[in-house]
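Colleague: The structure's right below; bear with me while I get my questions together.
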Amino acid sequence: MPLAGIALAPLLVSHLAPPHHRRSSVASAAAAAARRPRAVQCSATATAASGEGAGDDVELSRGTLLWRAAKLPIYSVALVPLTVGSACAYHHVGSFFGKRYFVLLVASVLVITWLNLSNDVYDSDTGADKNKKESVVNIVGSRTMTQYAANISLLFGFMGLFWAFAQAGDARFILSVTCAIICGYVYQCPPFRLSYRGLGEPLCFAAFGPLATTAFYFSNSSRNISSGTALLPLSKTVIASSILVGLTTTLILFCSHFHQIDGDRAVGKMSPLVRIGTKTGSRLVTLGVVTLYVLLAAFGMSKSLPSACTVLCALTLPVGKWVVDYVLKNHEDNSKIFMAKYYCVRLHALFGMALASGLVLARNGTLV
């Protein structure tokens, strides 16, 4: 059963706040942010936010910069589509390939590493990351070395993906996941750089939702010597699940722009928030979270998702409300709003865990 990914997800959401540059550990900083998001003192928040849109004059330790450059919580976008897609396959046919799952997890992490590193490379080319202390290019001091590391990550990632394709024997898997990677390329790489035209969010939704989640569902097809390849049918359950995963992933990207508006505008990067401003953007976050739960209810009532998914995902409503309240209150404060993307990561990971758990429980007859 795809419970391994469900168990791994808390590791990515337990340390969401960046480490303090002087005293607190990563764990204590995250715990403090989770316990009192509204009561943080302005001076402490500005210090924690330095290098992410506030306080360029504050010196940060190399460890702090490396933590921010690693973006470990963001790797939930590799874990969630894989786990939900695998859970959809388990719900449909009751099969789960453990070795294939973990190889795909490593491959997905490598592809996301390529995405993050190449994004830093091309943003350094345009000057978007000129003052971004946690940029890998700025930390390493070499664009070329960062580019090489990105390309090597992508190469090894593709090796894992093609191994899984050989095991599954389903061409829909490799075609879908390749299209998802192409979305990542045209998002940030020349000559396309569609993120500079404000198209990052649609590409993100497509890549991590319908393409990646469905691809990982197809990766659970099985090749049998006697009967040939048993292909999984495209079901309404995986379509509904992929839409929900795409929406929570897109919220992360959208909220990552709030504290970068001035820098993006200066280099001509017309992100949605550069175009509409933070006030309207905060309302769009509210609309996005409301849409997430409306779709969840609609998919449940239409039997596209089992009731177990509806019940468990509904338990994440307080986290969704937390994201909405935080963004509405702090959308104009760069020293605080940079944390919104980490709160969206928490919503993404917890919602994905709940969705996958519901699919597994429904298959086992615990809930229908």
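In the structure tokens, each chain is lettered A, B, ... as it comes, each chain's residues begin at 1, and ligands are numbered from 1 in order of appearance.
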So which residues touch Arg363 in chain A within 8 Å, counting only C-alpha atoms, skipping near sequence neighbours fewer than 4 positions away, as a ChimeraX atom specification?
Modeller: /A:90-92,94,359,368
Colleague: Using all heavy atoms, can you export the residues from the last selection as a JSON list (two decimals), in the first residue's frame?
Modeller:
[["chain", "number", "residue", "atom", "x", "y", "z"],
["A", 90, "TYR", "N", -3.91, 1.97, -6.26],
["A", 90, "TYR", "CA", -4.21, 0.98, -5.23],
["A", 90, "TYR", "C", -5.72, 0.89, -5.00],
["A", 90, "TYR", "O", -6.28, -0.19, -4.85],
["A", 90, "TYR", "CB", -3.51, 1.35, -3.93],
["A", 90, "TYR", "CG", -3.80, 0.39, -2.80],
["A", 90, "TYR", "CD1", -3.15, -0.84, -2.73],
["A", 90, "TYR", "CD2", -4.73, 0.70, -1.82],
["A", 90, "TYR", "CE1", -3.43, -1.74, -1.71],
["A", 90, "TYR", "CE2", -5.02, -0.18, -0.79],
["A", 90, "TYR", "CZ", -4.37, -1.40, -0.74],
["A", 90, "TYR", "OH", -4.66, -2.29, 0.27],
["A", 91, "HIS", "N", -6.38, 2.04, -4.99],
["A", 91, "HIS", "CA", -7.83, 2.07, -4.80],
["A", 91, "HIS", "C", -8.54, 1.35, -5.94],
["A", 91, "HIS", "O", -9.57, 0.69, -5.74],
["A", 91, "HIS", "CB", -8.31, 3.53, -4.71],
["A", 91, "HIS", "CG", -9.80, 3.67, -4.63],
["A", 91, "HIS", "ND1", -10.58, 3.96, -5.73],
["A", 91, "HIS", "CD2", -10.66, 3.54, -3.58],
["A", 91, "HIS", "CE1", -11.85, 4.03, -5.37],
["A", 91, "HIS", "NE2", -11.92, 3.77, -4.07],
["A", 92, "HIS", "N", -7.99, 1.45, -7.15],
["A", 92, "HIS", "CA", -8.65, 0.87, -8.32],
["A", 92, "HIS", "C", -8.43, -0.63, -8.45],
["A", 92, "HIS", "O", -9.38, -1.38, -8.70],
["A", 92, "HIS", "CB", -8.17, 1.58, -9.59],
["A", 92, "HIS", "CG", -8.91, 1.16, -10.82],
["A", 92, "HIS", "ND1", -10.19, 1.58, -11.11],
["A", 92, "HIS", "CD2", -8.55, 0.34, -11.85],
["A", 92, "HIS", "CE1", -10.59, 1.04, -12.25],
["A", 92, "HIS", "NE2", -9.61, 0.29, -12.72],
["A", 94, "GLY", "N", -5.91, -2.46, -6.28],
["A", 94, "GLY", "CA", -5.35, -3.10, -5.10],
["A", 94, "GLY", "C", -3.89, -3.46, -5.20],
["A", 94, "GLY", "O", -3.38, -4.24, -4.39],
["A", 359, "LEU", "N", -8.21, 7.22, -0.05],
["A", 359, "LEU", "CA", -8.24, 6.24, -1.13],
["A", 359, "LEU", "C", -7.84, 4.85, -0.65],
["A", 359, "LEU", "O", -8.45, 3.84, -1.02],
["A", 359, "LEU", "CB", -7.31, 6.69, -2.27],
["A", 359, "LEU", "CG", -7.77, 7.93, -3.03],
["A", 359, "LEU", "CD1", -6.61, 8.51, -3.87],
["A", 359, "LEU", "CD2", -8.95, 7.60, -3.94],
["A", 368, "VAL", "N", -16.08, 4.01, 2.90],
["A", 368, "VAL", "CA", -16.40, 3.89, 1.49],
["A", 368, "VAL", "C", -16.59, 5.26, 0.85],
["A", 368, "VAL", "O", -16.61, 6.25, 1.52],
["A", 368, "VAL", "CB", -17.68, 3.03, 1.27],
["A", 368, "VAL", "CG1", -17.43, 1.64, 1.75],
["A", 368, "VAL", "CG2", -18.85, 3.64, 2.03]]
Colleague: In Å, with one decimal, what is the gap from CA of Phe216 in chain A to CA of Gly85 in chain A?
Modeller: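 Answer for the CA of Phe216 in chain A to CA of Gly85 in chain A separation: 5.0 Å.
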Colleague: Which is closer to Thr291 in chain A than all the others in A:Leu251, A:Ser304, A:His259, A:Tyr217, using only C-alpha atoms?
Modeller: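 Of the candidates, the smallest distance to Thr291 in chain A is held by A:Leu251.
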Colleague: For Thr83 in chain A, which of A:Ala298, A:Val245, A:Leu234, A:Leu287 is the closest residue, counting only C-alpha atoms?
Modeller: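 Smallest distance to Thr83 in chain A is found for A:Val245.
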Colleague: Counting only C-alpha atoms, which residues of range 70-154 of chain A sit at most 9 Å from some atom of range 189-198 of chain A, and what is each one's closest atom pair with its distance in Å to one decimal, listed by chain and rising residue number, as a tab-separated table?
Modeller:
residue	atom	partner	partner_atom	distance
A:Ser118	CA	A:Cys189	CA	7.7
A:Asn119	CA	A:Cys189	CA	7.6
A:Tyr122	CA	A:Cys189	CA	6.6
